[in-house]
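model-v3.txt follows (compact mmCIF, C-alpha atoms and all ligand atoms):
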# COMPACT_ATOMS: atom_id res chain seq x y z
CA MET A 11 98.96 120.70 153.36
CA PRO A 12 99.47 121.85 149.73
CA ARG A 13 101.48 119.51 147.55
CA LEU A 14 103.22 119.89 144.21
CA THR A 15 104.39 116.86 142.24
CA ALA A 16 106.59 117.15 139.15
CA LEU A 17 105.36 114.59 136.61
CA GLY A 18 107.96 115.96 134.21
CA GLY A 19 110.39 118.86 134.25
CA PHE A 20 112.42 117.95 137.33
CA ASP A 21 116.02 116.74 136.93
CA ALA A 22 115.80 117.10 133.16
CA LYS A 23 114.99 119.58 130.42
CA GLY A 24 111.20 119.02 130.05
CA PRO A 25 108.52 117.86 129.50
CA ALA A 26 106.74 120.40 131.72
CA CYS A 27 103.91 118.86 133.76
CA PHE A 28 103.17 119.54 137.43
CA LEU A 29 100.25 118.38 139.60
CA LEU A 30 99.22 120.94 142.22
CA GLU A 31 96.94 119.86 145.07
CA ILE A 32 95.91 122.82 147.21
CA GLY A 33 92.75 123.13 149.33
CA ALA A 34 90.13 121.17 147.41
CA ALA A 35 91.74 121.97 144.07
CA ARG A 36 93.66 119.53 141.86
CA ILE A 37 95.26 121.36 138.93
CA LEU A 38 97.69 120.31 136.22
CA LEU A 39 100.23 122.95 135.19
CA ASP A 40 101.23 122.34 131.54
CA LEU A 41 101.16 119.03 129.69
CA GLY A 42 104.29 118.93 127.55
CA CYS A 43 106.22 116.55 125.35
CA GLY A 44 109.97 116.63 124.71
CA PRO A 45 112.14 118.47 123.91
CA ASP A 46 114.48 115.44 123.85
CA HIS A 47 113.31 112.23 122.12
CA ALA A 48 109.63 113.26 122.46
CA ALA A 49 109.73 112.47 126.20
CA ARG A 50 106.33 112.28 127.90
CA PRO A 51 105.30 113.14 131.49
CA ALA A 52 105.11 110.30 134.03
CA ILE A 53 101.32 109.96 134.01
CA PRO A 54 99.95 106.45 134.67
CA PRO A 55 97.57 104.96 132.05
CA GLU A 56 94.66 105.24 134.48
CA GLY A 57 95.21 109.02 134.79
CA LEU A 58 95.57 111.19 137.88
CA GLY A 59 92.06 111.16 139.39
CA PRO A 60 89.72 114.13 139.12
CA LEU A 61 91.30 117.38 137.87
CA ASP A 62 89.77 120.86 138.01
CA ALA A 63 91.74 122.12 135.01
CA VAL A 64 94.91 122.12 132.95
CA LEU A 65 96.51 125.58 132.98
CA ILE A 66 98.89 126.28 130.08
CA SER A 67 101.85 128.65 130.59
CA HIS A 68 102.67 129.04 126.85
CA GLY A 69 102.41 127.24 123.55
CA HIS A 70 105.80 125.54 123.12
CA GLY A 71 105.74 121.78 122.56
CA ASP A 72 107.55 120.92 125.78
CA HIS A 73 104.62 122.58 127.63
CA VAL A 74 101.63 121.55 125.46
CA GLY A 75 102.79 118.62 123.31
CA ALA A 76 100.97 115.93 125.35
CA LEU A 77 97.49 117.47 125.14
CA ASP A 78 96.51 114.36 123.18
CA TRP A 79 96.44 112.68 126.63
CA LEU A 80 93.52 114.83 127.82
CA ASP A 81 91.03 111.97 127.38
CA ARG A 82 92.96 109.64 129.68
CA LEU A 83 92.92 112.47 132.26
CA GLY A 84 89.11 112.67 132.17
CA ALA A 85 89.00 115.53 129.63
CA PRO A 86 89.48 118.40 132.13
CA ALA A 87 89.01 122.00 130.95
CA VAL A 88 92.14 123.57 129.41
CA PHE A 89 92.94 127.27 129.85
CA ALA A 90 95.44 129.33 127.84
CA THR A 91 95.93 132.98 126.93
CA GLU A 92 94.66 134.48 123.69
CA PRO A 93 98.01 134.60 121.81
CA VAL A 94 98.66 130.96 122.75
CA ARG A 95 95.21 129.91 121.53
CA SER A 96 95.27 131.91 118.31
CA LEU A 97 98.78 130.82 117.27
CA ALA A 98 98.23 127.14 118.16
CA GLN A 99 98.31 124.40 115.53
CA ASP A 100 96.78 121.85 117.93
CA PRO A 101 92.96 122.01 117.71
CA GLN A 102 92.65 121.18 121.44
CA LEU A 103 94.81 124.18 122.30
CA ARG A 104 92.98 126.42 119.85
CA ALA A 105 89.73 125.42 121.59
CA ALA A 106 91.10 126.15 125.11
CA LYS A 107 89.21 128.55 127.38
CA PRO A 108 90.59 132.04 128.15
CA LEU A 109 93.12 131.97 130.98
CA GLU A 110 93.29 135.76 131.31
CA THR A 111 89.70 136.05 132.61
CA LEU A 112 89.97 133.17 135.09
CA ASP A 113 90.45 134.56 138.60
CA ARG A 114 89.65 131.44 140.65
CA ILE A 115 90.19 127.76 139.98
CA GLY A 116 88.94 124.94 142.23
CA GLY A 117 88.03 127.61 144.81
CA GLU A 118 91.60 129.01 144.89
CA PRO A 119 92.57 132.52 143.73
CA LEU A 120 94.55 132.64 140.48
CA ASP A 121 96.87 135.46 139.39
CA ILE A 122 98.79 135.54 136.11
CA GLY A 123 101.32 137.92 134.55
CA ALA A 124 103.36 138.15 131.37
CA ALA A 125 106.53 136.03 131.46
CA GLY A 126 108.44 137.54 128.52
CA HIS A 127 109.49 134.26 126.95
CA ALA A 128 107.04 133.82 124.05
CA PRO A 129 103.71 135.10 122.69
CA GLY A 130 101.16 135.11 125.53
CA ALA A 131 103.55 133.32 127.93
CA VAL A 132 102.55 133.73 131.58
CA TRP A 133 103.64 132.97 135.11
CA MET A 134 100.81 131.96 137.41
CA ARG A 135 100.16 132.02 141.15
CA ILE A 136 97.53 129.69 142.55
CA GLY A 137 96.37 130.08 146.16
CA GLY A 138 97.46 133.67 146.80
CA PRO A 139 100.58 134.57 148.82
CA GLY A 140 100.38 131.26 150.71
CA GLY A 141 100.16 129.29 147.46
CA LEU A 142 102.41 128.36 144.54
CA LEU A 143 104.10 130.55 141.95
CA TYR A 144 104.89 128.74 138.67
CA SER A 145 107.22 130.77 136.45
CA GLY A 146 106.52 128.72 133.31
CA ASP A 147 109.39 129.51 130.93
CA LEU A 148 110.45 133.03 131.79
CA CYS A 149 112.83 135.62 130.37
CA VAL A 150 112.85 139.33 131.16
CA GLU A 151 115.78 140.23 128.86
CA GLY A 152 114.31 139.78 125.37
CA GLY A 153 112.61 143.15 124.89
CA VAL A 154 109.88 141.84 122.55
CA PHE A 155 107.37 140.08 124.81
CA ALA A 156 105.98 141.78 127.92
CA ALA A 157 107.28 140.68 131.32
CA ALA A 158 105.67 141.52 134.68
CA ARG A 159 107.16 141.47 138.17
CA LEU A 160 106.51 138.25 140.11
CA PRO A 161 104.32 138.26 143.24
CA ARG A 162 105.19 136.71 146.60
CA ALA A 163 104.35 133.06 147.18
CA ALA A 164 105.12 130.44 149.83
CA ALA A 165 106.27 127.90 147.23
CA ALA A 166 107.61 128.25 143.71
CA ILE A 167 108.62 126.41 140.57
CA PHE A 168 111.36 128.38 138.79
CA ASP A 169 112.54 127.90 135.23
CA CYS A 170 116.18 126.91 135.87
CA SER A 171 116.92 125.68 132.32
CA TYR A 172 120.36 127.37 132.33
CA GLY A 173 121.39 126.44 135.89
CA ALA A 174 123.84 129.07 137.15
CA ALA A 175 124.85 130.39 133.70
CA PRO A 176 125.75 134.05 134.21
CA MET A 177 125.94 135.40 130.64
CA ARG A 178 123.53 138.22 129.89
CA LEU A 179 121.61 138.56 126.63
CA ALA A 180 123.28 141.90 125.86
CA ASP A 181 126.66 140.11 125.72
CA GLN A 182 125.19 137.22 123.73
CA ARG A 183 123.90 139.71 121.13
CA ARG A 184 127.45 140.98 120.59
CA VAL A 185 128.84 137.45 120.30
CA LEU A 186 126.19 136.42 117.79
CA LEU A 187 126.72 139.48 115.61
CA GLY A 188 130.45 138.78 115.68
CA ALA A 189 129.83 135.21 114.53
CA ILE A 190 127.57 136.39 111.69
CA GLY A 191 130.17 138.90 110.52
CA ALA A 192 129.20 140.21 107.10
CA GLY A 193 126.97 137.19 106.45
CA PRO A 194 125.39 135.24 104.92
CA CYS A 195 124.05 133.19 107.82
CA LEU A 196 121.11 130.91 108.59
CA LEU A 197 119.51 131.30 112.03
CA PRO A 198 117.02 128.51 112.76
CA ALA A 199 114.66 129.58 115.57
CA PRO A 200 111.11 129.03 116.81
CA PRO A 201 108.76 131.53 115.12
CA ALA A 202 106.82 131.99 118.39
CA GLY A 203 109.91 132.83 120.41
CA ARG A 204 113.41 134.17 119.89
CA GLY A 205 113.11 134.28 116.07
CA LEU A 206 111.71 137.81 116.30
CA GLU A 207 114.38 138.91 118.79
CA LEU A 208 117.15 137.56 116.53
CA ALA A 209 115.66 139.29 113.50
CA LEU A 210 115.36 142.66 115.27
CA THR A 211 118.96 142.45 116.50
CA CYS A 212 120.31 141.62 113.02
CA LEU A 213 118.21 144.31 111.37
CA ALA A 214 119.42 146.91 113.89
CA ALA A 215 123.01 145.87 113.12
CA GLY A 216 122.48 146.70 109.44
CA HIS A 217 121.99 143.21 108.00
CA ALA A 218 119.54 142.44 105.22
CA VAL A 219 117.10 140.06 106.94
CA ALA A 220 114.62 137.55 105.54
CA LEU A 221 111.98 135.88 107.70
CA CYS A 222 110.13 132.62 107.08
CA PRO A 223 106.35 132.95 106.66
CA GLY A 224 105.70 131.46 110.13
CA THR A 225 107.88 134.06 111.86
CA ARG A 226 106.22 136.87 109.86
CA GLN A 227 102.80 135.56 110.85
CA VAL A 228 103.72 135.70 114.56
CA ALA A 229 104.99 139.28 114.17
CA GLN A 230 101.77 140.29 112.41
CA ARG A 231 99.59 138.61 115.03
CA MET A 232 101.48 140.25 117.92
CA CYS A 233 101.16 143.70 116.31
CA GLU A 234 97.38 143.20 116.24
CA GLY A 235 97.28 142.62 120.03
CA PRO A 236 100.13 144.71 121.43
CA ASP A 237 99.08 144.21 125.07
CA TRP A 238 101.39 141.19 125.20
CA LEU A 239 104.39 143.12 123.86
CA ALA A 240 107.11 144.99 125.73
CA PRO A 241 107.09 148.82 125.49
CA GLY A 242 108.08 149.90 121.96
CA ALA A 243 107.99 146.37 120.56
CA ALA A 244 104.81 146.83 118.49
CA GLN A 245 106.46 149.62 116.49
CA ALA A 246 109.70 147.64 116.15
CA LEU A 247 107.82 144.58 114.82
CA ALA A 248 105.81 146.70 112.36
CA GLN A 249 109.10 148.09 111.00
CA LEU A 250 110.56 144.58 110.92
CA LEU A 251 107.70 143.41 108.70
CA GLN A 252 108.21 146.37 106.36
CA ARG A 253 111.96 146.08 106.10
CA THR A 254 112.45 142.31 105.76
CA ALA A 255 111.88 139.93 102.87
CA GLU A 256 109.93 136.67 103.04
CA ALA A 257 112.17 133.61 103.03
CA THR A 258 111.19 130.80 100.66
CA PRO A 259 112.65 127.29 100.18
CA ASP A 260 114.70 128.47 97.16
CA ILE A 261 115.81 131.86 98.57
CA PRO A 262 119.45 132.73 97.71
CA PHE A 263 121.75 132.83 100.75
CA GLN A 264 122.31 136.54 101.26
CA GLY A 265 122.24 138.46 104.52
CA VAL A 266 120.61 136.78 107.52
CA ILE A 267 117.77 134.30 107.14
CA VAL A 268 115.66 133.57 110.23
CA ALA A 269 113.81 130.33 109.62
CA GLY A 270 111.36 128.37 111.77
CA GLY A 271 112.35 124.98 113.16
CA PRO A 272 114.88 125.55 115.98
CA ASN A 273 116.56 122.17 115.48
CA CYS A 274 116.22 121.98 111.68
CA GLY A 275 113.83 119.03 111.93
CA SER A 276 110.75 121.10 111.04
CA GLY A 277 109.72 124.41 109.48
CA LEU A 278 111.63 126.16 106.71
CA SER A 279 114.99 125.43 108.38
CA ALA A 280 114.46 121.72 107.62
CA THR A 281 114.70 122.65 103.92
CA LEU A 282 117.23 125.49 104.12
CA ALA A 283 119.77 123.95 106.52
CA PRO A 284 120.80 121.01 104.27
CA ARG A 285 121.22 123.53 101.41
CA ALA A 286 123.30 125.79 103.68
CA LEU A 287 125.54 122.86 104.67
CA ARG A 288 126.05 121.95 101.03
CA ASP A 289 126.84 125.56 100.04
CA GLY A 290 129.12 126.26 103.03
CA VAL A 291 126.79 128.90 104.51
CA PRO A 292 127.22 129.19 108.30
CA ILE A 293 124.36 127.91 110.46
CA VAL A 294 124.12 129.24 114.02
CA LEU A 295 121.84 127.43 116.46
CA THR A 296 120.81 129.42 119.53
CA GLY A 297 118.41 127.21 121.52
CA HIS A 298 118.28 123.87 123.30
CA LEU A 299 119.84 121.25 121.03
CA ALA A 300 117.13 118.60 121.11
CA GLN A 301 118.60 115.10 121.20
CA GLY A 302 117.47 113.13 118.17
CA ALA A 303 117.02 116.20 115.93
CA PRO A 304 119.44 117.05 113.06
CA ALA A 305 120.97 120.20 114.61
CA ALA A 306 122.55 118.42 117.60
CA ALA A 307 124.44 116.04 115.29
CA TRP A 308 125.69 118.89 113.07
CA VAL A 309 126.97 120.85 116.06
CA ALA A 310 128.67 117.72 117.44
CA ALA A 311 130.33 117.21 114.04
CA GLY A 312 131.47 120.84 113.82
CA GLN A 313 129.22 121.55 110.82
CA ALA A 314 127.10 124.13 112.66
CA GLN A 315 127.78 126.53 115.51
CA HIS A 316 125.88 126.80 118.78
CA LEU A 317 125.67 130.11 120.63
CA ARG A 318 123.21 130.60 123.46
CA TRP A 319 120.54 133.30 123.21
CA ASN A 320 118.80 133.64 126.56
CA VAL A 321 115.11 132.78 126.56
CA HIS A 322 115.25 131.49 130.15
CA PRO A 323 116.53 133.14 133.35
CA ASP A 324 120.27 133.61 133.77
CA LEU A 325 121.82 133.74 137.24
CA HIS A 326 121.10 137.45 137.61
CA SER A 327 117.42 136.93 136.75
CA LEU A 328 117.08 133.98 139.14
CA ARG A 329 118.47 136.13 141.94
CA GLU A 330 115.86 138.79 141.16
CA MET A 331 113.08 136.18 140.99
CA LEU A 332 114.01 134.90 144.45
CA ALA A 333 113.99 138.45 145.83
CA GLN A 334 110.53 139.08 144.36
CA VAL A 335 108.82 135.81 145.34
CA CYS A 336 110.62 135.08 148.67
CA PRO A 337 109.57 131.39 148.59
CA GLN A 338 109.96 129.04 151.57
CA THR A 339 110.64 126.26 149.10
CA VAL A 340 111.45 126.37 145.38
CA LEU A 341 111.66 123.61 142.79
CA PRO A 342 114.44 124.17 140.22
CA ALA A 343 112.69 123.02 137.05
CA PHE A 344 114.09 121.90 133.69
CA ALA A 345 117.64 121.47 135.06
CA PRO A 346 119.57 118.17 135.07
CA ALA A 347 121.31 117.31 138.37
CA PRO A 348 124.72 118.90 137.52
CA LEU A 349 123.02 122.21 136.68
CA ARG A 350 120.93 122.03 139.87
CA ARG A 351 124.05 121.47 141.96
CA ALA A 352 125.90 124.35 140.29
CA LEU A 353 122.92 126.61 140.87
CA ALA A 354 122.65 125.66 144.55
CA GLU A 355 126.33 126.53 144.97
CA ALA A 356 126.12 129.83 143.12
CA LEU A 357 122.83 131.01 144.56
CA PRO A 358 121.81 129.90 148.08
CA ALA A 359 118.02 129.40 148.31
CA PRO A 360 115.60 126.79 149.67
CA TRP A 361 116.02 124.69 146.49
CA ALA A 362 114.09 121.41 146.57
CA THR A 363 116.19 118.30 145.98
CA SER A 364 113.29 116.13 144.85
CA GLY A 365 110.38 116.55 142.46
CA THR A 366 107.85 117.02 145.27
CA LEU A 367 107.12 120.14 147.29
CA THR A 368 104.97 120.42 150.43
CA TRP A 369 104.50 123.55 152.50
ZN ZN B 401 109.15 127.74 126.02

Would you give me this structure, written as structure tokens?
Amino acid sequence: MPRLTALGGFDAKGPACFLLEIGAARILLDLGCGPDHAARPAIPPEGLGPLDAVLISHGHGDHVGALDWLDRLGAPAVFATEPVRSLAQDPQLRAAKPLETLDRIGGEPLDIGAAGHAPGAVWMRIGGPGGLLYSGDLCVEGGVFAAARLPRAAAAIFDCSYGAAPMRLADQRRVLLGAIGAGPCLLPAPPAGRGLELALTCLAAGHAVALCPGTRQVAQRMCEGPDWLAPGAAQALAQLLQRTAEATPDIPFQGVIVAGGPNCGSGLSATLAPRALRDGVPIVLTGHLAQGAPAAAWVAAGQAQHLRWNVHPDLHSLREMLAQVCPQTVLPAFAPAPLRRALAEALPAPWATSGTLTW
């Protein structure tokens, strides 16, 4: 009987790490750290026994940040897509093998498809229609990164980071632009994620936009390999690069500045945000407020604003995912218990109530 064990990512926001045992295969799905307080997966010091591979859904820290534990896991092969490998800072992730050309793992069929959420982000199905579908982090609303329809699977792990939140990204765009007003404004965001979506939205609304070097680098890299982009996005990103300035640590606060470091603890936002606070320039955070990072404290103190920008499925998307996959059992990942309960009420489905699936 196939078995899926959440070693992280159940009943909490991250770290993503799931052990799949199916047929003769033993596969780890992601090996993340954080996002809160650098939390680590529940992996015993002696490891997990023999593993066929570690399959990486995308390059965010809460999915890859514990790759320094590979040795204690017996140094299994790591697979990731080309954009994830080429944009990685971590040498172990840069040296990963190509996931896109892997069609079997441990004797089981493997299918992957674009998940929309970040450069090279994928969902994966291991074991065919009777196997497991892992959504990774998934968002079909962004319009920058490609997103493919999900296949059927007997069991599933769905990204339920927002629980039953119903707000659509189109509405969130309007709210954000209203909050920015005439500017200036600082938007901290991950370069390999919603930073590009925020910049395109602000540019389209007529704002002067500056991008940190890391965000520009991701745009450049994605234009070079447009297979991972949504229709029309390559052209939009090329225009974005032409029409935006490069943000530097001493840039004057004019227009909208999109700066790497979603919680102001890293990247250019770590330098610009304290300046913005001092100068009274609005800061709008749009992602998960990581506990222990500066942004959460500023929002709690009313010094910065927090407005959600969907990079995970909303209620509408989760309903569509269920209709596509038709799972017999589905693990609601990355959602604390109150969000899981709200989701189960809003959207009836065979939601698992523990971190283990069998089917
Ligand atoms: Zn992510």

Cut-off 12 Å, all atoms listed in the file, neighbours of ligand ZN 401 (chain B) as a ChimeraX atom specification:
/A:23-26,40,42-45,66-75,94,125-133,145-149,169,171,199-204,272,297-298,320-323,344

Determine, counting only C-alpha atoms, which protein, DNA and RNA residues have an atom within 7 Å of an atom of region 284-294 of chain A; residues of the same chain fewer than 6 positions away are not included. Present the result as a PyMOL selection string.
chain A and resi 194-197+314-317

Could you check the closest approach to Met11 (chain A) for each of A:Leu143, A:Leu367, A:Leu103, A:Ala220 and tell me which residue wins, using all atoms listed in the file?
A:Leu367

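Comparing A:Gly205, A:Pro360, A:Pro262, A:Pro176 by their smallest distance to His326 (chain A), the closest is A:Pro176 (using all atoms listed in the file).
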
Residues proximal to (126.7, 137.1, 121.2) were defined as those with any atom within 12 Å of that point in the file's coordinates, counting all atoms listed in the file. Which are they, as a list in words?
Met177, Arg178, Leu179, Ala180, Asp181, Gln182, Arg183, Arg184, Val185, Leu186, Leu187, Gly188, Ala189, Ile190, Gly191, Leu208, Thr211, Cys212, Val294, Leu295, Thr296, His316, Leu317, Arg318, Trp319 and Asn320 of chain A

With distances taken over only C-alpha atoms, which of A:Ala307, A:Pro139, A:Gly173, A:Arg114 is nearest to Ala22 (chain A)?
A:Gly173

May I have the residues at most 12 Å from (102.5, 150.3, 114.4) in the file's coordinates, counting only C-alpha atoms, as a list of chain:residue names?
A:Ala229, A:Gln230, A:Met232, A:Cys233, A:Glu234, A:Gly235, A:Pro236, A:Gly242, A:Ala243, A:Ala244, A:Gln245, A:Ala246, A:Leu247, A:Ala248, A:Gln249, A:Leu250, A:Leu251, A:Gln252

Could you work out how far CA of Pro198 (chain A) lies from CA of Ala280 (chain A), giving the answer in Å with one decimal?
8.9 Å

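Nearest to Leu325 (chain A) of all the residues A:Pro358, A:Pro101, A:Pro337, A:Gly302 is A:Pro358, counting all atoms listed in the file.
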
What are the centre and the three edge lengths of an axis-aligned box that wraps all atoms of region 236-246 of chain A in the file, given that 8 Å is added to every side, written as lines of an AutoDock Vina configuration file and rounded to one decimal in Å?
center_x = 104.4
center_y = 145.5
center_z = 120.9
size_x = 26.6
size_y = 24.7
size_z = 25.6

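With distances restricted to all atoms listed in the file, A:Tyr144 is the closest residue to Leu65 (chain A) from A:Tyr144, A:Phe20, A:Trp79, A:Trp361.
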
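Nearest to Ala164 (chain A) of all the residues A:Ala362, A:Leu41, A:Ala255, A:Cys336 is A:Cys336, based on all atoms listed in the file.
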
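If you look at CA of Gly224 (chain A) and CA of Glu151 (chain A), they are 23.0 Å away from each other.
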
Which residues are close to Asn273 (chain A), i.e. within 7 Å by all atoms listed in the file, leaving aside same-chain residues fewer than 2 positions away? Reply as a ChimeraX atom specification.
/A:198,271,275,299-300,303-305

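CA of Gly277 (chain A) is positioned 17.3 Å from CA of Trp308 (chain A).
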
Just want the 7 Å neighbourhood of Cys222 (chain A), counted on only C-alpha atoms, with same-chain residues fewer than 3 positions away dropped. Output as a ChimeraX atom specification.
/A:225-226,256-258,268-270,278
